[in-house]
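Asker: Okay, so here is upload.txt, and as you'll see once you scroll down, it has compact mmCIF, C-alpha atoms and all ligand atoms.
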# COMPACT_ATOMS: atom_id res chain seq x y z
CA MET A 1 81.56 80.57 96.27
CA ILE A 2 85.32 80.82 95.90
CA ALA A 3 86.93 81.38 99.28
CA ARG A 4 89.18 84.45 99.37
CA ASP A 5 92.78 83.87 100.29
CA LEU A 6 92.89 84.65 103.98
CA PHE A 7 96.67 84.77 103.91
CA ASP A 8 96.98 87.15 100.95
CA LEU A 9 99.57 89.86 101.67
CA LYS A 10 100.05 91.10 98.09
CA GLY A 11 100.48 94.87 98.05
CA THR A 12 100.22 95.12 101.86
CA LYS A 13 102.44 97.93 103.10
CA ILE A 14 104.40 96.69 106.13
CA LEU A 15 106.47 99.12 108.20
CA PHE A 16 109.12 97.08 109.98
CA SER A 17 111.60 98.15 112.68
CA GLY A 18 114.47 95.77 113.44
CA ALA A 19 114.12 94.25 109.96
CA THR A 20 117.89 94.09 109.56
CA GLY A 21 118.35 91.88 112.65
CA VAL A 22 118.83 88.13 112.74
CA LEU A 23 115.14 87.22 113.00
CA GLY A 24 114.05 90.42 111.24
CA THR A 25 115.97 89.71 108.02
CA THR A 26 114.38 86.28 107.59
CA MET A 27 110.95 87.73 108.34
CA ALA A 28 111.44 90.65 105.92
CA HIS A 29 112.54 88.43 103.01
CA TYR A 30 109.60 86.09 103.62
CA LEU A 31 107.02 88.89 103.73
CA ALA A 32 108.44 90.41 100.53
CA GLN A 33 108.21 86.98 98.87
CA GLN A 34 104.51 86.94 99.81
CA GLY A 35 104.07 90.17 97.80
CA ALA A 36 104.07 92.63 100.71
CA GLU A 37 105.75 96.01 100.24
CA LEU A 38 108.39 96.48 102.94
CA LEU A 39 109.10 99.86 104.54
CA ILE A 40 112.30 99.10 106.42
CA LEU A 41 112.89 101.29 109.48
CA GLY A 42 116.44 101.30 110.85
CA ARG A 43 119.31 103.43 112.09
CA THR A 44 122.20 102.27 109.95
CA SER A 45 122.01 103.23 106.29
CA GLU A 46 124.39 100.45 105.13
CA LYS A 47 122.26 97.73 106.72
CA VAL A 48 118.91 99.21 105.68
CA ASN A 49 120.07 99.86 102.11
CA ALA A 50 121.61 96.38 101.83
CA LEU A 51 118.35 94.70 102.88
CA GLN A 52 116.31 96.96 100.61
CA ASP A 53 118.59 96.16 97.64
CA GLN A 54 118.48 92.39 98.33
CA ILE A 55 114.69 92.39 98.45
CA ILE A 56 114.44 94.40 95.23
CA ALA A 57 117.00 92.09 93.55
CA GLU A 58 114.76 89.13 94.51
CA GLY A 59 111.83 90.83 92.74
CA GLY A 60 110.24 92.26 95.89
CA LYS A 61 109.29 95.79 96.88
CA ALA A 62 111.16 97.63 99.63
CA SER A 63 112.24 101.09 100.69
CA GLY A 64 114.35 102.28 103.60
CA TYR A 65 113.61 104.87 106.31
CA PHE A 66 115.92 106.05 109.06
CA ALA A 67 115.11 106.57 112.72
CA ASP A 68 116.12 105.49 116.19
CA VAL A 69 113.06 103.81 117.74
CA THR A 70 113.79 105.48 121.09
CA GLU A 71 113.73 109.00 119.62
CA GLU A 72 110.27 110.44 119.19
CA GLU A 73 111.39 113.37 117.08
CA SER A 74 113.12 111.23 114.45
CA LEU A 75 110.08 108.92 114.33
CA THR A 76 107.76 111.88 113.74
CA LYS A 77 109.90 113.05 110.81
CA VAL A 78 109.78 109.56 109.26
CA LYS A 79 106.03 109.41 109.77
CA LEU A 80 105.61 112.61 107.74
CA LEU A 81 107.88 111.28 104.99
CA ILE A 82 106.04 107.95 104.77
CA GLU A 83 102.70 109.74 104.78
CA SER A 84 103.76 111.89 101.84
CA GLN A 85 105.09 108.89 99.88
CA HIS A 86 102.62 106.13 100.80
CA GLY A 87 99.63 107.73 102.51
CA SER A 88 99.03 104.84 104.87
CA VAL A 89 100.47 101.52 106.06
CA ALA A 90 98.53 98.38 106.96
CA VAL A 91 100.98 96.57 109.25
CA LEU A 92 103.53 97.79 111.80
CA ILE A 93 106.07 95.24 113.06
CA ASN A 94 108.12 96.30 116.10
CA ALA A 95 111.13 93.98 116.10
CA ALA A 96 113.86 96.43 117.16
CA GLY A 97 115.02 95.24 120.56
CA GLY A 98 117.30 92.88 122.36
CA ASN A 99 119.20 92.20 125.55
CA MET A 100 122.05 94.40 126.75
CA PRO A 101 125.02 92.89 128.63
CA GLY A 102 125.03 95.64 131.30
CA ALA A 103 121.43 94.85 132.30
CA VAL A 104 122.29 91.25 133.16
CA ILE A 105 122.85 89.97 136.71
CA ARG A 106 125.85 87.70 136.24
CA PRO A 107 126.14 84.47 138.30
CA GLU A 108 128.68 86.01 140.68
CA GLN A 109 126.46 89.08 141.22
CA THR A 110 123.23 89.68 143.15
CA PHE A 111 120.30 91.98 142.54
CA LEU A 112 122.14 94.63 144.61
CA ASP A 113 124.67 94.88 141.76
CA LEU A 114 121.95 95.94 139.34
CA ASP A 115 123.20 98.68 136.99
CA SER A 116 120.20 100.99 136.98
CA GLU A 117 121.45 102.97 133.97
CA ALA A 118 121.77 99.75 131.92
CA LEU A 119 118.28 98.78 133.11
CA ARG A 120 116.98 102.14 131.87
CA GLN A 121 118.64 101.56 128.49
CA VAL A 122 117.20 98.07 127.99
CA MET A 123 113.74 99.31 129.02
CA ASP A 124 114.10 102.26 126.64
CA LEU A 125 115.06 100.07 123.67
CA ASN A 126 112.57 97.26 124.16
CA TYR A 127 109.60 99.04 125.74
CA LEU A 128 109.78 102.69 124.64
CA GLY A 129 111.25 101.44 121.35
CA THR A 130 107.89 99.77 120.79
CA VAL A 131 105.59 102.39 122.35
CA LEU A 132 107.07 105.39 120.53
CA PRO A 133 106.88 103.90 116.99
CA ILE A 134 103.27 102.88 117.68
CA LYS A 135 102.47 106.43 118.81
CA ALA A 136 104.21 107.92 115.77
CA PHE A 137 102.82 105.56 113.13
CA LEU A 138 99.34 104.74 114.44
CA PRO A 139 97.87 107.63 112.39
CA LEU A 140 99.19 105.89 109.24
CA LEU A 141 97.51 102.60 110.26
CA LEU A 142 94.25 104.41 110.99
CA LYS A 143 94.32 105.87 107.47
CA SER A 144 94.27 102.29 106.15
CA GLU A 145 90.88 100.50 106.18
CA LYS A 146 92.44 97.91 108.48
CA GLY A 147 95.62 97.91 110.51
CA THR A 148 97.67 95.41 112.45
CA ILE A 149 100.45 95.93 114.96
CA LEU A 150 102.79 93.03 115.69
CA ASN A 151 105.11 93.39 118.67
CA ILE A 152 107.99 91.05 119.38
CA SER A 153 108.05 89.76 122.93
CA SER A 154 110.10 86.86 124.28
CA MET A 155 109.78 83.74 126.41
CA ALA A 156 111.63 85.79 129.05
CA ALA A 157 108.43 87.84 129.55
CA SER A 158 106.17 85.06 130.82
CA ARG A 159 108.86 82.69 132.17
CA PRO A 160 111.42 85.00 133.81
CA MET A 161 114.82 83.39 133.66
CA THR A 162 118.03 83.91 135.60
CA ARG A 163 120.43 86.71 134.62
CA VAL A 164 118.35 88.64 132.04
CA MET A 165 116.41 90.71 134.56
CA GLY A 166 116.07 93.99 132.63
CA TYR A 167 115.27 92.41 129.27
CA ALA A 168 112.65 90.11 130.85
CA SER A 169 110.94 93.06 132.57
CA ALA A 170 110.89 95.06 129.34
CA LYS A 171 109.39 92.18 127.37
CA ALA A 172 106.79 91.59 130.11
CA ALA A 173 105.80 95.21 129.60
CA ILE A 174 105.41 94.47 125.86
CA ASP A 175 102.95 91.66 126.66
CA ASN A 176 100.92 94.00 128.84
CA LEU A 177 101.05 96.78 126.24
CA THR A 178 99.88 94.35 123.55
CA LYS A 179 96.74 93.48 125.51
CA TRP A 180 96.06 97.04 126.65
CA LEU A 181 96.43 98.49 123.18
CA ALA A 182 94.34 95.73 121.58
CA VAL A 183 91.40 96.82 123.73
CA GLU A 184 92.10 100.51 123.17
CA LEU A 185 92.19 100.23 119.37
CA ALA A 186 89.23 97.88 118.95
CA THR A 187 86.97 99.92 121.25
CA LYS A 188 88.02 103.39 120.11
CA HIS A 189 88.89 102.85 116.45
CA GLY A 190 86.98 99.71 115.46
CA PRO A 191 87.44 95.97 115.04
CA SER A 192 89.68 96.31 111.97
CA TYR A 193 92.58 97.51 114.11
CA ARG A 194 94.46 94.75 115.91
CA VAL A 195 97.49 94.31 118.14
CA ASN A 196 99.27 91.01 118.79
CA ALA A 197 102.72 89.81 119.74
CA LEU A 198 105.03 86.96 118.90
CA ALA A 199 107.08 85.46 121.74
CA PRO A 200 110.02 83.58 120.26
CA GLY A 201 111.58 80.96 122.51
CA PHE A 202 115.26 80.14 122.22
CA PHE A 203 116.72 80.71 118.80
CA LEU A 204 120.41 80.01 118.31
CA THR A 205 121.80 83.22 116.82
CA GLU A 206 125.22 84.87 116.67
CA GLN A 207 124.36 87.00 119.75
CA ASN A 208 123.69 84.06 122.06
CA ARG A 209 125.78 81.33 120.41
CA THR A 210 128.57 81.46 123.01
CA LEU A 211 126.01 81.49 125.84
CA LEU A 212 124.27 78.37 124.55
CA THR A 213 127.00 76.37 122.79
CA GLU A 214 130.72 75.67 123.25
CA VAL A 215 133.17 76.19 120.39
CA ASP A 216 132.89 72.49 119.48
CA GLY A 217 129.10 72.87 119.10
CA SER A 218 128.20 71.00 122.29
CA LEU A 219 125.76 72.66 124.69
CA THR A 220 126.84 74.88 127.58
CA GLN A 221 125.21 74.30 130.95
CA ARG A 222 122.63 77.01 130.14
CA GLY A 223 122.08 75.56 126.66
CA ASN A 224 121.50 72.17 128.27
CA GLN A 225 119.00 73.58 130.77
CA ILE A 226 117.03 75.18 127.94
CA ILE A 227 116.98 72.12 125.69
CA SER A 228 115.97 69.87 128.59
CA HIS A 229 112.96 72.19 129.14
CA THR A 230 112.03 72.25 125.45
CA PRO A 231 109.80 69.26 124.54
CA MET A 232 110.80 69.57 120.87
CA ASN A 233 114.41 69.11 121.99
CA ARG A 234 116.03 71.77 119.81
CA PHE A 235 116.62 75.51 119.49
CA GLY A 236 114.44 77.48 117.10
CA GLN A 237 115.59 78.59 113.67
CA PRO A 238 114.53 81.95 112.21
CA GLU A 239 112.29 80.12 109.69
CA ASP A 240 110.25 78.67 112.57
CA ILE A 241 108.68 82.06 113.15
CA LEU A 242 107.34 82.58 109.62
CA GLY A 243 104.03 80.72 109.87
CA ALA A 244 102.86 82.61 112.96
CA LEU A 245 104.16 85.85 111.45
CA HIS A 246 102.16 85.33 108.24
CA TRP A 247 99.01 84.41 110.18
CA LEU A 248 99.17 87.47 112.47
CA CYS A 249 99.91 89.91 109.62
CA SER A 250 97.07 88.65 107.44
CA ASP A 251 93.26 88.45 107.47
CA ALA A 252 93.63 84.81 108.58
CA SER A 253 93.81 86.25 112.12
CA ALA A 254 91.05 88.85 111.62
CA PHE A 255 89.30 87.96 114.93
CA VAL A 256 92.55 87.69 116.89
CA THR A 257 93.74 90.63 118.97
CA GLY A 258 95.55 91.04 122.29
CA THR A 259 97.27 87.67 121.91
CA VAL A 260 100.89 86.75 122.58
CA VAL A 261 101.77 83.73 120.46
CA ALA A 262 104.61 81.58 121.75
CA VAL A 263 106.90 80.08 119.12
CA ASP A 264 109.02 78.09 121.51
CA GLY A 265 109.00 74.35 120.80
CA GLY A 266 106.73 73.86 123.83
CA PHE A 267 109.08 75.54 126.37
CA SER A 268 106.28 77.57 128.00
CA ALA A 269 103.98 74.54 128.25
CA TYR A 270 106.48 72.31 130.00
CA SER A 271 106.86 72.16 133.79
CA GLY A 272 110.06 70.16 133.47
CA VAL A 273 108.52 66.92 134.83
N1 LIG B 301 116.99 86.02 118.62
C1 LIG B 301 116.29 85.44 119.60
O1 LIG B 301 116.58 84.33 120.05
C2 LIG B 301 115.10 86.16 120.18
C3 LIG B 301 114.30 85.47 121.11
C4 LIG B 301 113.21 86.13 121.66
C5 LIG B 301 112.91 87.43 121.27
N2 LIG B 301 113.73 88.08 120.38
C6 LIG B 301 113.35 89.44 120.01
O2 LIG B 301 113.12 89.47 118.62
C7 LIG B 301 113.46 90.76 118.12
C8 LIG B 301 114.45 90.59 116.98
O3 LIG B 301 115.55 89.85 117.48
P1 LIG B 301 116.86 89.59 116.63
O4 LIG B 301 117.49 88.36 117.16
O5 LIG B 301 116.57 89.73 115.17
O6 LIG B 301 117.75 90.83 117.16
P2 LIG B 301 119.00 91.51 116.48
O7 LIG B 301 119.83 92.03 117.62
O8 LIG B 301 119.64 90.64 115.48
O9 LIG B 301 118.33 92.73 115.74
C9 LIG B 301 117.83 93.83 116.41
C10 LIG B 301 117.42 94.86 115.38
O10 LIG B 301 116.99 96.05 116.07
C11 LIG B 301 117.63 97.17 115.50
N3 LIG B 301 117.77 98.20 116.54
C12 LIG B 301 118.41 98.07 117.73
N4 LIG B 301 118.33 99.23 118.40
C13 LIG B 301 117.62 100.10 117.62
C14 LIG B 301 117.20 101.45 117.76
N5 LIG B 301 117.48 102.15 118.86
N6 LIG B 301 116.49 102.01 116.76
C15 LIG B 301 116.20 101.31 115.64
N7 LIG B 301 116.56 100.04 115.44
C16 LIG B 301 117.27 99.44 116.42
C17 LIG B 301 118.99 96.64 115.02
O11 LIG B 301 119.57 97.50 114.06
C18 LIG B 301 118.55 95.31 114.44
O12 LIG B 301 117.98 95.50 113.15
C19 LIG B 301 114.02 91.55 119.30
O13 LIG B 301 112.98 92.33 119.86
C20 LIG B 301 114.42 90.47 120.28
O14 LIG B 301 114.41 90.94 121.61
C21 LIG B 301 114.80 87.46 119.82
Is it possible to give me this structure as C-alpha cells?

Answerer:
Amino acid sequence: MIARDLFDLKGTKILFSGATGVLGTTMAHYLAQQGAELLILGRTSEKVNALQDQIIAEGGKASGYFADVTEEESLTKVKLLIESQHGSVAVLINAAGGNMPGAVIRPEQTFLDLDSEALRQVMDLNYLGTVLPIKAFLPLLLKSEKGTILNISSMAASRPMTRVMGYASAKAAIDNLTKWLAVELATKHGPSYRVNALAPGFFLTEQNRTLLTEVDGSLTQRGNQIISHTPMNRFGQPEDILGALHWLCSDASAFVTGTVVAVDGGFSAYSGV
C-alpha cells in the first residue's frame, strides 16, 4: 500500500489573520509554497494586497479580506463574503497579536503603575482578537469535512517574564482557550475538528531588536538573560517555526488537539542550572 502524504496541504484553504506580520509573512509564503490557498485577513489594504500579489507572483494562490480582529461586526461581514466565494475553509490561523508598550511595567515602575486601559487593549487584541475570529469563522470550518484552528501563543504565557505583564496574561488565556476549545469541538462536532497553538520563544524581529540587541549587534542585558536561558544559545528565526506549523496544519497531526507546541530552542525546558 502506498502511504498517503500526511503533510499534503495542496488545495487546503487557510484563513490567516496576522499574515502580514514578521512571523506571519514567512508562514504565509511557506504555506502557499506547499500548495495551500491563502485567505489573508488584515486591516491594511496596502499590506494585505502586497502579500497577496507576492504570493500570486510566486505561483501561489491568495486572496485578501479586510477586518479588525477585535471587531465582531466586521468579522461577520467577512465570514459572509468568504462563504459566498469559497463555501468553507479547512484551517484558521490566528496570528494577529503582539505586545503593546503601554501594557508594560517598566523597570522603574511597579504593578501599581499598571495602565488598566493599555491592559484592556492588549487583552482585546491578543485574546478577543483570537476568540472573535474563531466565533465568526467556525461555521466555515464546520462546513469542511475537517477543520483545524491554530492559535499563536508565546513563551510569555507559560514562563511569565518581567515587564510584559498584560501580553503574558493575554497569551496565557490563549493557552487555556486552546485546550478548552479542543475539548468543545471534538466532543460536540467530532474528532475531525482540532485546536492547537504554537508558542514561539524569542525571535529577533524589528519590534524587539532594540530590546534584545545594541546598535553594534551585541546583546543587551535582557538579550543576554534570554540567551543564557536558551540551551540552543541563539534567538529564533521566522523559518524555525515552519516545521511545527506544517505539522499542525496537516493530517500529520490528526490525533493532536489541545496542545501548545513550544518552538523556543529549549527555553521552557531549562531551569537555568
Ligand atoms: N515575533 C516574536 O518574537 C513572537 C514571539 C512569540 C509570539 N509571537 C506572536 O506571534 C504572532 C505574530 O507575531 P509577529 O512577530 O509576526 O507580529 P507582528 O507585529 O509583526 O504582526 C502582527 C500582525 O497582526 C496584525 N494585526 C494587529 N492588530 C490587528 C487587528 N486589530 N486586526 C487585524 N490584524 C491585526 C498586524 O497587521 C500584523 O499583520 C503574534 O500573536 C505575536 O504575539 C511573536

Asker: Expressed in Å to a single decimal, how great is the separation between atom CA of Ala157 of chain A and atom C6 of ligand LIG 301 (chain B)?

Answerer: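 Calculated distance between atom CA of Ala157 of chain A and atom C6 of ligand LIG 301 (chain B) is 10.9 Å.
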
Asker: Using only C-alpha atoms and all ligand atoms, find each residue with an atom at most 9 Å away from ligand LIG 301 (chain B) and format the answer as a VMD selection string.

Answerer: chain A and resid 17 to 26 41 to 44 47 to 48 66 to 71 94 to 99 124 to 126 129 151 to 156 167 171 198 to 208 235 to 238

Asker: I'd like to know which of A:Leu75, A:Leu9, A:Ala269, A:Ala252 is closest to Tyr30 of chain A, using only C-alpha atoms.

Answerer: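 Distance minimum relative to Tyr30 of chain A lands on A:Leu9.
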
Asker: Pick out the closest residue to Phe16 of chain A from this set: A:Lys188, A:Cys249, A:Asp240, A:Pro107. Count only C-alpha atoms.

Answerer: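 Using only C-alpha atoms, Phe16 of chain A sits closest to A:Cys249.
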
Asker: Give me, please, the distance in Å between atom CA of Ala62 of chain A and atom CA of Leu245 of chain A, quoted to one decimal.

Answerer: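 Separating atom CA of Ala62 of chain A from atom CA of Leu245 of chain A is a distance of 18.1 Å.
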
Asker: Can you measure atom CA of Lys10 of chain A to atom CA of Arg194 of chain A for me? One decimal in Å is fine.

Answerer: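 So the answer is 19.0 Å.
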
Asker: Let me make sure I understand: among A:Arg222, A:His246, A:Lys13, A:His229, which one has the smallest atom-to-atom distance to Glu83 of chain A if we use only C-alpha atoms?

Answerer: A:Lys13
